[in-house]
Structure formats: structure tokens, C-alpha cells
Amino acid sequence: MSPADVIIDLKGVSKRYGVGDAESYALRDFDLTVKRGEFIMIMGPSGCGKTTLLNILGLLDKPSEGEYILNGQSIERASERKKARLRAKKIGVIFQDFNLIPHLSVLDNVTLPMVYAGYTKTHRELMADKVLDRFRLQEREYYMPYQLSGGQQQRVAIARSLVVDPEIILADEPTGNLDSRSSHVVMEELKEIHSEGNTIIMVTHNPALTSYATRVIHMLDGQIDTDIKTVDDDDLPQPVEIHFRKRKILKEVKAALSGKKSEDLDEEEQITEEEER
């Protein structure tokens with residue numbers, strides 16, 4: 001495995017709570033290397049550290065000891081502002097309870113990550129419109145969350161996590177509050193997202209869902225108990241597809257803003273490149 005293939009590397013990470021006799025560990029000397037394009041399922045009993053791990057990976061919490069390397073760069077000394085910027089552009093998070101803002105419409109919920117990423121209002125709405133269309137929710141973009149079913153709310157949450165085309169998707173029990181039919185729909189969406197080259201790390205209690213994974217990790221007492229790969233590294237989706245898709249989406253948005261066709265923009269880019277040569 002080359003360094004370029006590794007997107008996440010945790011080295012000796014511990015998360016400690018309390019002091020003295022009340023001290024306890026959610027994670028203890030935890031090592032984890034994640035390759036681009038993996039779909040990792042994390043399982044284990046309640047209290048084993050699964051959610052703590054996701055919070056650290058999502059830069060929502062920081063370890064007491066150890067090192068977190070993201071895309072080859074250590075996060076240890078990164079400022080809160082830099083961490084917020086990384087979260088906004090590199091990491092999408094899907095929660096079990098959806099975490100939609102109740103007083104915002106579907107469209108406004110989906111555009112929220114792009115506010116932090118610095119996109120203009122027009123860009124935000126055009127990009128959100130495209131991702132909602134992908135999840136067959138375009139006709140509900142002005143609905144409020146309470147007007148949607150549980151499955152629809154979770155698809156909105158997935159759309160929100162994908163709208164800035166992040167490299168990493170973190171999912172904490174995304175099917176935990178759904179019936180079997182809605183769970184199947186959500187997992188099929190995640191499967192398609194993974195096939196396009198996204199790296200997904202998902203916490204679940206449902207062993208039936210591990211068939212979607214390329215790697216299954218069982219945790220116990222803040223450490224890895226078993227770690228089983230079900231797909232060879234050479235067979236993982238190629239991440240180059242992510243960058244192609246992102247460029248295509250941004251080009252379509254640019255075309256919509258300029259009133260030109262994306263084919264015309266292709267010609268203009270080609271002419272510019274020839275002039276530069």
C-alpha cells in the first residue's frame with residue numbers, strides 16, 4: 001500500500017475521560033489505517049468506543065493521546081478554524097437521528113455545509129438541486145423535515161453529506177431508526193455512493209448490513225478485536241472518479257450561471273489550454 005492510497009491513519013490514539021479513580025478510556029492505543037475507496041463497517045457492543053471513534057475521525061472531538069493523520073497531514077496541531085474547513089470540504093457525516101434543522105426546508109438543510117465551505121448562494125442552490133434530484137427528492141426541496149417520512153429524512157441527510165462531494169463519509173447507525181424497506185433503500189444509496197469512489201466508515205449493530213462492506217471491524221473495550229477485509233485492495237473503487245464527478249458538477253453549475261452549455265465551456269477551456277501551450 002503506497003502512502004498516496006492511505007486517506008486516514010490513526011496511531012496510538014486514546015480517548016480518556018475523568019481523572020484518578022474515575023478515569024476511563026473510550027479508546028485505548030487505537031491504530032487504524034484506512035485506504036481510499038474502502039467501505040468499513042464498525043461493530044461492537046454499546047460502550048466499546050464506536051461513536052467516539054467516529055467523532056474523532058470527523059474532527060468533532062480530539063484524542064487525549066496519539067496522532068491522527070488525514071491525507072498525509074497530522075491534525076494534532078491544526079487550529080479549530082482549519083479543522084472546521086476540513087470538515088466542511090473533506091468529510092460528510094450521516095447521523096442516526098438525521099440531525100436536520102426543523103425550521104429549515106429540505107433545500108436549506110442540504111445547502112448548509114456549503115455555507116461553511118464558502119460557496120455563493122446561487123452555487124449552493126444549484127448544487128443542492130442536483131444532489132436532491134439524484135435522490136428523487138427534488139419535488140420536496142421546499143418541504144419541512146416534519147413533512148417527510150423517516151426514510152426520506154435520512155436520504156436528505158445523505159444528500160446533505162454529499163453536496164460538497166467529500167472524500168470521506170462517516171455514518172453513525174444510519175438505518176437505526178428506519179424500517180426494513182427504508183433501510184434497504186438507504187443502504188443501496190450508500191452502495192452506489194461507494195461504487196463511485198467514496199470512502200465510507202459506518203457504525204452499525206446490524207450484522208445483516210456487513211454484506212455491503214469491503215472490511216468489517218469488531219471493537220471491544222476501546223480496541224480492535226477483529227479486522228476482516230472482504231475485498232482486495234486492488235478491487236476497491238478508484239477515487240479518481242470522485243474528482244471527475246466534482247469537476248463535471250461544477251462545470252454544469254458554471255454553465256447554468258453563465259447561460260452557456262457545458263459543451264461550450266469545454267470548447268472554451270480547450271482553446272485556452274491551446275493558447276497557453
# chains A, B, ... in the order shown; residues from 1 in each chain; ligands from 1

call {"tool": "select_by_dssp", "arguments": {"residues": "segment 69-147 of chain A", "states": "helix (DSSP H, G or I)", "output": "number ranges by chain"}}
result
A: 80-90, 106-117, 121-134, 138-140, 145-147

call {"tool": "residues_around", "arguments": {"residues": "Asp9 of chain A", "least_positions_apart": "4", "cutoff": "12 Å", "atoms": "only C-alpha atoms", "output": "VMD selection string"}}
result
chain A and resid 3 to 5 13 30 to 36 56 to 57 66 to 75

call {"tool": "write_last_selection", "arguments": {"atoms": "C-alpha atoms", "output": "tab-separated table (two decimals), in the first residue's frame"}}
result
chain	number	residue	atom	x	y	z
A	3	PRO	CA	1.24	6.44	1.12
A	4	ALA	CA	-0.96	8.00	-1.57
A	5	ASP	CA	-3.53	5.22	-1.09
A	13	VAL	CA	-4.99	7.07	19.67
A	30	PHE	CA	-6.07	2.54	18.89
A	31	ASP	CA	-4.39	2.05	15.48
A	32	LEU	CA	-6.33	2.24	12.21
A	33	THR	CA	-5.25	2.68	8.59
A	34	VAL	CA	-7.96	3.39	6.02
A	35	LYS	CA	-7.36	3.12	2.31
A	36	ARG	CA	-9.17	5.27	-0.24
A	56	ILE	CA	-12.53	11.82	16.32
A	57	LEU	CA	-12.45	10.87	12.63
A	66	GLY	CA	-1.92	9.64	19.76
A	67	GLU	CA	-1.82	11.01	16.23
A	68	TYR	CA	-4.48	11.45	13.55
A	69	ILE	CA	-3.10	11.78	10.01
A	70	LEU	CA	-5.58	12.84	7.32
A	71	ASN	CA	-4.44	12.86	3.70
A	72	GLY	CA	-0.83	12.67	4.85
A	73	GLN	CA	-1.08	15.64	7.24
A	74	SER	CA	-1.16	15.46	11.03
A	75	ILE	CA	-4.26	17.01	12.62

call {"tool": "residues_around", "arguments": {"residues": "Leu112 of chain A", "least_positions_apart": "5", "cutoff": "10 Å", "atoms": "only C-alpha atoms", "output": "ChimeraX atom specification"}}
result
/A:88,101,104,107,117,124,128,160-161,163

call {"tool": "write_last_selection", "arguments": {"atoms": "N, CA and C atoms", "output": "CSV table (one decimal), in the first residue's frame"}}
result
chain,number,residue,atom,x,y,z
A,88,ALA,N,-15.8,20.8,6.5
A,88,ALA,CA,-16.7,21.4,5.5
A,88,ALA,C,-16.4,20.8,4.1
A,101,ILE,N,-32.3,20.4,10.6
A,101,ILE,CA,-32.7,21.6,11.3
A,101,ILE,C,-34.2,21.7,11.0
A,104,LEU,N,-35.8,24.7,9.0
A,104,LEU,CA,-35.3,24.9,7.6
A,104,LEU,C,-35.9,23.9,6.6
A,107,LEU,N,-34.2,22.0,1.1
A,107,LEU,CA,-33.2,22.7,0.3
A,107,LEU,C,-32.2,23.4,1.2
A,117,ALA,N,-18.4,26.0,3.6
A,117,ALA,CA,-17.4,25.8,2.6
A,117,ALA,C,-17.1,27.0,1.8
A,124,ARG,N,-24.8,27.3,-4.2
A,124,ARG,CA,-25.4,26.4,-3.2
A,124,ARG,C,-26.7,25.8,-3.7
A,128,ALA,N,-27.3,21.9,-4.6
A,128,ALA,CA,-28.2,21.1,-3.8
A,128,ALA,C,-29.3,20.6,-4.7
A,160,ARG,N,-27.3,15.9,2.1
A,160,ARG,CA,-26.5,17.0,2.8
A,160,ARG,C,-25.0,16.6,2.9
A,161,SER,N,-24.8,15.3,3.3
A,161,SER,CA,-23.4,14.9,3.5
A,161,SER,C,-22.6,14.8,2.2
A,163,VAL,N,-23.2,16.9,-0.6
A,163,VAL,CA,-23.4,18.0,-1.5
A,163,VAL,C,-22.1,18.7,-1.9

call {"tool": "residues_around", "arguments": {"residues": "segment 39-45 of chain A", "least_positions_apart": "4", "cutoff": "6 Å", "atoms": "only C-alpha atoms", "output": "ChimeraX atom specification"}}
result
/A:199-205,213-219

call {"tool": "residues_around", "arguments": {"residues": "Asp61 of chain A", "least_positions_apart": "2", "cutoff": "12 Å", "atoms": "only C-alpha atoms", "output": "ChimeraX atom specification"}}
result
/A:14-16,51-59,63-64,68,75-76,80,83-84,87

call {"tool": "decode", "arguments": {"residues": "segment 84-103 of chain A", "atoms": "C-alpha atoms", "output": "JSON list (two decimals), in the first residue's frame"}}
result
[["chain", "number", "residue", "atom", "x", "y", "z"],
["A", 84, "ALA", "CA", -13.77, 23.35, 10.55],
["A", 85, "ARG", "CA", -12.60, 23.96, 6.98],
["A", 86, "LEU", "CA", -11.51, 20.32, 6.62],
["A", 87, "ARG", "CA", -14.88, 19.13, 7.96],
["A", 88, "ALA", "CA", -16.72, 21.36, 5.51],
["A", 89, "LYS", "CA", -14.81, 20.22, 2.43],
["A", 90, "LYS", "CA", -13.47, 16.73, 3.11],
["A", 91, "ILE", "CA", -15.88, 14.94, 5.47],
["A", 92, "GLY", "CA", -19.59, 14.20, 5.23],
["A", 93, "VAL", "CA", -21.43, 12.93, 8.32],
["A", 94, "ILE", "CA", -24.71, 10.98, 8.47],
["A", 95, "PHE", "CA", -26.38, 10.62, 11.87],
["A", 96, "GLN", "CA", -28.87, 8.03, 13.13],
["A", 97, "ASP", "CA", -31.41, 10.69, 14.13],
["A", 98, "PHE", "CA", -30.94, 12.62, 10.84],
["A", 99, "ASN", "CA", -30.00, 15.92, 12.62],
["A", 100, "LEU", "CA", -32.00, 18.01, 10.17],
["A", 101, "ILE", "CA", -32.73, 21.58, 11.27],
["A", 102, "PRO", "CA", -36.51, 21.51, 11.90],
["A", 103, "HIS", "CA", -37.21, 25.13, 10.93]]
